[in-house]
Every structure is written in C-alpha cells, then in structure tokens.
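A.B. asks: Please find protein_29.cif (mmCIF, C-alpha atoms) on the next line:
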data_entry
#
loop_
_atom_site.label_atom_id
_atom_site.label_comp_id
_atom_site.auth_asym_id
_atom_site.auth_seq_id
_atom_site.Cartn_x
_atom_site.Cartn_y
_atom_site.Cartn_z
CA MET T 974 13.71 -14.66 -8.38
CA ASN T 975 14.02 -14.49 -4.60
CA TYR T 976 10.35 -14.90 -3.63
CA ILE T 977 7.69 -17.52 -4.28
CA TRP T 978 3.90 -17.37 -4.13
CA LYS T 979 0.85 -19.28 -5.29
CA GLU T 980 -2.19 -17.89 -7.07
CA ALA T 981 -4.31 -19.54 -4.34
CA ASP T 982 -2.79 -17.22 -1.72
CA LYS T 983 -4.43 -14.05 -3.05
CA LEU T 984 -4.90 -11.39 -0.36
CA GLY T 985 -6.68 -8.80 -2.46
CA GLU T 986 -7.24 -7.20 -5.82
CA GLY T 987 -7.57 -3.66 -7.08
CA GLY T 988 -7.64 -1.73 -10.31
CA PHE T 989 -3.91 -2.05 -10.89
CA GLY T 990 -3.19 -5.61 -9.82
CA GLN T 991 -3.46 -8.46 -7.35
CA VAL T 992 -1.66 -8.96 -4.04
CA PHE T 993 -0.52 -12.40 -2.88
CA ARG T 994 1.01 -13.80 0.28
CA GLY T 995 4.54 -14.89 -0.56
CA VAL T 996 7.73 -16.10 1.06
CA GLU T 997 11.33 -15.05 0.66
CA LYS T 998 13.07 -18.24 -0.49
CA GLU T 999 16.22 -17.86 1.59
CA SER T 1000 14.90 -16.58 4.93
CA GLY T 1001 11.29 -17.83 4.92
CA VAL T 1002 10.05 -14.32 5.77
CA VAL T 1003 6.41 -13.90 4.77
CA VAL T 1004 5.78 -10.92 2.47
CA ALA T 1005 3.11 -9.37 0.26
CA ILE T 1006 3.68 -9.57 -3.49
CA LYS T 1007 1.87 -7.26 -5.91
CA LYS T 1008 1.47 -8.56 -9.44
CA PHE T 1009 0.33 -5.91 -11.92
CA LYS T 1010 -2.57 -6.69 -14.26
CA ASP T 1011 -0.83 -5.45 -17.39
CA ALA T 1012 2.04 -3.30 -18.57
CA CYS T 1013 -0.20 -0.21 -18.61
CA LYS T 1014 -0.73 -0.57 -14.84
CA PHE T 1015 2.97 -1.02 -14.09
CA SER T 1016 4.76 2.17 -13.16
CA ASN T 1017 8.45 2.75 -12.53
CA ASN T 1018 7.20 5.92 -10.85
CA GLN T 1019 5.68 3.84 -8.03
CA PHE T 1020 8.97 2.07 -7.37
CA GLY T 1021 10.85 5.37 -7.39
CA ILE T 1022 8.41 6.88 -4.91
CA LEU T 1023 8.35 3.85 -2.61
CA SER T 1024 12.14 3.68 -2.55
CA LYS T 1025 12.19 7.18 -1.00
CA ILE T 1026 9.77 6.34 1.80
CA ASP T 1027 10.75 4.84 5.14
CA HIS T 1028 8.09 5.41 7.77
CA LYS T 1029 6.40 3.14 10.31
CA ASN T 1030 2.92 4.20 9.13
CA ILE T 1031 3.56 3.44 5.45
CA VAL T 1032 3.80 -0.08 4.05
CA LYS T 1033 7.46 -0.70 3.28
CA MET T 1034 8.67 -1.75 -0.16
CA LEU T 1035 11.28 -4.50 0.20
CA ALA T 1036 12.16 -5.10 -3.46
CA TYR T 1037 10.90 -5.44 -6.96
CA GLU T 1038 12.04 -8.01 -9.42
CA PRO T 1039 10.95 -9.79 -12.59
CA GLU T 1040 8.31 -12.47 -12.31
CA LEU T 1041 9.74 -15.86 -13.24
CA LYS T 1042 7.96 -18.98 -14.44
CA ASN T 1043 10.15 -22.06 -14.76
CA GLY T 1044 13.20 -19.81 -14.43
CA THR T 1045 12.23 -17.54 -17.33
CA PRO T 1046 11.21 -13.87 -16.89
CA VAL T 1047 7.60 -13.24 -17.89
CA GLY T 1048 5.47 -10.13 -17.89
CA ILE T 1049 6.40 -7.15 -15.80
CA PRO T 1050 8.17 -6.84 -12.44
CA VAL T 1051 6.39 -7.69 -9.21
CA LEU T 1052 6.50 -5.48 -6.12
CA ILE T 1053 7.54 -7.10 -2.83
CA MET T 1054 6.29 -5.38 0.33
CA GLU T 1055 6.08 -6.01 4.04
CA LEU T 1056 3.01 -8.04 4.96
CA CYS T 1057 0.58 -6.45 7.40
CA ASN T 1058 -1.02 -9.09 9.61
CA GLY T 1059 -4.40 -7.39 10.02
CA GLU T 1060 -7.31 -6.34 7.83
CA ASN T 1061 -7.73 -3.12 5.92
CA VAL T 1062 -10.00 -0.50 7.51
CA GLU T 1063 -12.77 -1.13 4.97
CA LYS T 1064 -13.02 -4.79 6.03
CA MET T 1065 -12.68 -3.91 9.70
CA LEU T 1066 -15.70 -1.61 9.49
CA LEU T 1067 -17.84 -4.53 8.29
CA ASP T 1068 -17.61 -5.99 11.81
CA PRO T 1069 -21.05 -5.48 13.45
CA GLU T 1070 -19.31 -4.25 16.59
CA LEU T 1071 -17.96 -1.32 14.56
CA CYS T 1072 -21.23 -0.47 12.77
CA PHE T 1073 -21.01 3.08 14.17
CA GLY T 1074 -17.26 3.39 13.51
CA PHE T 1075 -14.14 2.88 15.57
CA HIS T 1076 -14.11 3.43 19.31
CA ASP T 1077 -12.58 6.80 20.19
CA ASP T 1078 -9.15 5.51 21.24
CA GLU T 1079 -8.80 3.37 18.09
CA TYR T 1080 -9.99 6.21 15.87
CA LEU T 1081 -7.42 8.55 17.40
CA LEU T 1082 -4.70 5.93 16.86
CA LEU T 1083 -5.73 5.66 13.20
CA LEU T 1084 -5.73 9.46 12.73
CA GLU T 1085 -2.39 9.80 14.50
CA GLY T 1086 -0.84 7.18 12.21
CA LEU T 1087 -2.25 8.72 9.03
CA SER T 1088 -1.23 12.23 10.10
CA SER T 1089 2.30 11.03 10.73
CA ALA T 1090 2.40 9.23 7.36
CA TYR T 1091 1.11 12.31 5.52
CA GLU T 1092 3.64 14.56 7.24
CA HIS T 1093 6.40 12.23 6.04
CA LEU T 1094 4.99 12.27 2.49
CA ARG T 1095 4.72 16.07 2.58
CA GLN T 1096 8.38 16.33 3.58
CA LYS T 1097 9.25 14.12 0.59
CA ASN T 1098 6.96 16.14 -1.77
CA ILE T 1099 4.82 13.08 -2.46
CA VAL T 1100 1.04 13.09 -2.92
CA HIS T 1101 -0.73 9.74 -2.31
CA ARG T 1102 -3.94 10.54 -4.29
CA ASP T 1103 -5.95 7.42 -3.35
CA THR T 1104 -6.61 7.45 0.37
CA LYS T 1105 -9.60 5.30 1.25
CA PRO T 1106 -10.43 2.72 3.93
CA GLY T 1107 -9.24 -0.15 1.70
CA ASN T 1108 -5.76 1.43 1.43
CA ILE T 1109 -5.22 1.74 5.18
CA LEU T 1110 -3.93 -1.50 6.70
CA CYS T 1111 -3.87 -2.58 10.32
CA HIS T 1112 -0.75 -4.29 11.64
CA LYS T 1113 -0.18 -5.75 15.10
CA GLY T 1114 3.43 -5.35 16.15
CA GLU T 1115 5.36 -8.02 18.04
CA ASP T 1116 4.76 -5.96 21.19
CA GLY T 1117 0.98 -6.15 20.59
CA ASP T 1118 0.65 -2.50 19.60
CA THR T 1119 -1.60 -1.64 16.66
CA ILE T 1120 -0.07 0.34 13.80
CA TYR T 1121 -2.11 1.71 10.91
CA LYS T 1122 -0.23 1.87 7.61
CA LEU T 1123 -0.96 3.68 4.38
CA ALA T 1124 -0.68 1.39 1.35
CA ASP T 1125 -1.15 1.33 -2.43
CA PHE T 1126 0.91 4.03 -4.11
CA ASP T 1127 -0.32 3.26 -7.65
CA ALA T 1128 -1.77 6.78 -8.08
CA ALA T 1129 0.95 8.61 -6.10
CA ARG T 1130 2.92 11.44 -7.62
CA GLU T 1131 6.08 13.26 -6.65
CA LEU T 1132 6.22 17.04 -6.91
CA ALA T 1133 9.25 19.13 -7.75
CA ASP T 1134 10.10 21.82 -5.19
CA GLY T 1135 7.65 24.69 -5.45
CA ASP T 1136 5.22 22.81 -7.70
CA THR T 1137 1.54 22.60 -6.95
CA PHE T 1138 -0.49 19.61 -7.92
CA GLU T 1139 -4.04 19.79 -9.16
CA SER T 1140 -5.85 16.72 -10.39
CA LEU T 1141 -8.75 14.46 -9.81
CA GLY T 1142 -7.36 10.99 -9.23
CA GLY T 1143 -7.75 7.80 -7.28
CA THR T 1144 -10.90 5.79 -6.69
CA PRO T 1145 -13.95 7.66 -8.08
CA GLN T 1146 -16.17 7.01 -5.02
CA TYR T 1147 -13.60 8.75 -2.81
CA ALA T 1148 -12.48 11.49 -5.23
CA LEU T 1149 -15.40 13.85 -4.75
CA SER T 1150 -13.79 17.12 -5.70
CA LYS T 1151 -10.75 18.63 -7.33
CA LEU T 1152 -8.04 19.11 -4.74
CA SER T 1153 -5.00 21.31 -4.79
CA CYS T 1154 -1.90 20.45 -2.78
#
If you took the structure in this file and wrote it as structure tokens, what would it be?

C.D. replies:
Amino acid sequence: MNYIWKEADKLGEGGFGQVFRGVEKESGVVVAIKKFKDACKFSNNQFGILSKIDHKNIVKMLAYEPELKNGTPVGIPVLIMELCNGENVEKMLLDPELCFGFHDDEYLLLLEGLSSAYEHLRQKNIVHRDTKPGNILCHKGEDGDTIYKLADFDAARELADGDTFESLGGTPQYALSKLSC
C-alpha cells in the first residue's frame, strides 16, 4: 500500500522468498521488500520476532503490509526492511582479492558486529538458526563506516524464559550438527 517495486529490481532470492529494491511512495526512501514464495513460507512469527529487535547490527524491519495489484490485496503480506547498500559476505568473498578471507581488521569488524547482534538476540531470547555468509550484509553508513548486519529471520525462533532449544534448522550446508542453546 505504501511501497512500490518492480519485479526487475530483484536483489536476491532464497528458500522462503524474493527480495526486491523498493521505494516508499510518500518519502522516496529506498527499502528492501521481501515477497514470500507461498503461504507456507509466510510466518507471523517472523514479524513478531523482528518487531522486538532494534539493533544496529541487525537489518531493521520497517513494516509489513498486504501486497496490492491494481489496488486489490493479493497473496500474503510483504516484509519491508531497511536496504543495506553493500553486498552480502558470500558475494564479497568471491572477490579475488579476498580469496584467502577478509583482512584482519575487516574480519574483526565483522566478528564484533555479529557478536553484538547475537548478544542482543540472546537478551531477547531469540535464536536466529540460519547464520551463513549470505545472511550477513555489509552496509556503509553515511559517515563511511562499515556495519555488518544479520539478516533473514525466516528460521528464527523465540524461546520462553528458561526454555532450551534443540533443533537442526537453517540451510543444510551450514547446519552440520545438532545444536543446543
């Protein structure tokens, strides 16, 4: 209702949906819009989790609203998020200059950002469950500083106080063993 995007502006695609570059109609602010593949991939749980998170190292959810075509709601809601202006870590590592990994200072910046994001999630009793290079985005701030942000909370779960969580989830190539949190 408040955002527009074109299928030609696809930024990426995963198991749960596609992400497009979009624009807020009123302000012209550029955003990322996630369109879910089908109703089975849509999860109110994800919106509930994302609404509880506000951290500089986690991609911010701005809104979610029904998808409209010609003014009529169709399908399932779309998720509107802040747009990171850099690549994901998986794509960054394809650069020949990084064939042996990040330089030490960049690697430490990445680890510091992820550690901070995970500490915030731990305080909120949230488990991400799908951390991989493709779900870590690079963003250059207006001041030129690099910020690494954790994205894609499709597999995330919230724990009740005192609960433990045991499951094998996320992307199979990165889910090598059963973890307990």

A.B. asks: May I have a table of the residues of segment 1034-1111 of chain T lying at most 8 Å from segment 1019-1024 of chain T, giving each one's closest pair of atoms and their distance in Å to one decimal, counting all atoms listed in the file, ordered by chain and ascending residue number, as CSV?

C.D. replies:
residue,atom,partner,partner_atom,distance
T:Met1034,CA,T:Leu1023,CA,6.1
T:Tyr1037,CA,T:Phe1020,CA,7.8
T:Ile1099,CA,T:Ile1022,CA,7.6

A.B. asks: Here is a test: counting all atoms listed in the file, which residue of T:Pro1106, T:Pro1069, T:Gly985, T:Pro1050 is nearest to Leu1083 of chain T?

C.D. replies: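 Closest to Leu1083 of chain T, using all atoms listed in the file: T:Pro1106.
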
A.B. asks: Atom CA of Asn1043 of chain T to atom CA of Val1002 of chain T: how many Å, to one decimal?

C.D. replies: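 Going from atom CA of Asn1043 of chain T over to atom CA of Val1002 of chain T, I get 21.9 Å.
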
A.B. asks: Do you know which residues are at most 7 Å from Val992 of chain T counting all atoms listed in the file, after dropping those on the same chain fewer than 6 positions away, and could you put them as a list in words?

C.D. replies: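 The contact residues come out as Lys983, Leu984, Gly985, Glu986, Ala1005, Ile1006, Lys1007 and Lys1008 of chain T.
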
A.B. asks: Can you measure atom CA of Ala1129 of chain T to atom CA of Gly990 of chain T for me? One decimal in Å is fine.

C.D. replies: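 Separation between atom CA of Ala1129 of chain T and atom CA of Gly990 of chain T: 15.3 Å.
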
A.B. asks: Could you jot down the atom CA of His1112 of chain T to atom CA of Asn1030 of chain T separation for me, Å, one decimal place?

C.D. replies: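 Result for atom CA of His1112 of chain T versus atom CA of Asn1030 of chain T: 9.6 Å, one decimal.
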
A.B. asks: Translate the PyMOL selection byres ((chain T and resi 1109) around 8) into a concrete residue list for this structure, as a count of residues only.

C.D. replies: 13

A.B. asks: Which one of T:Cys1072, T:Val1051, T:Ile1026, T:Cys1057 sits closest to His1101 of chain T if you count only C-alpha atoms?

C.D. replies: T:Ile1026

A.B. asks: In the coordinates of the file, take the point (9.1, -13.8, -0.6) and a cut-off of 12 Å; then, counting all atoms listed in the file, name each qualifying protein, DNA or RNA residue as number ranges by chain.

C.D. replies: T: 974-979, 993-1007, 1035-1038, 1040, 1051-1056

A.B. asks: Taking all atoms listed in the file into account, which of T:Val1032, T:Leu1071, T:Ala1128, T:Ala1133 comes nearest Arg1102 of chain T?

C.D. replies: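 Closest to Arg1102 of chain T of all the choices is T:Ala1128.
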
A.B. asks: With all atoms listed in the file as the basis for distance, which of T:Met1065, T:Leu1081, T:Val1100, T:Leu1094 is at the shortest distance from Asp1127 of chain T?

C.D. replies: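 Checking each candidate against Asp1127 of chain T, we get T:Val1100 as the closest.
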
A.B. asks: Point out the residue among T:Lys1113, T:His1028, T:Arg1130, T:Lys1033 with the least atom-to-atom distance to Gly1059 of chain T, counting only C-alpha atoms.

C.D. replies: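 Looking only at the distances to Gly1059 of chain T, the closest residue turns out to be T:Lys1113.
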
A.B. asks: Go through T:Glu1060, T:Glu1085, T:Asp1125, T:Glu1131 and flag the residue nearest Gln991 of chain T, using all atoms listed in the file for the distances.

C.D. replies: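 Looking at the shortest contact to Gln991 of chain T, the residue is T:Asp1125.
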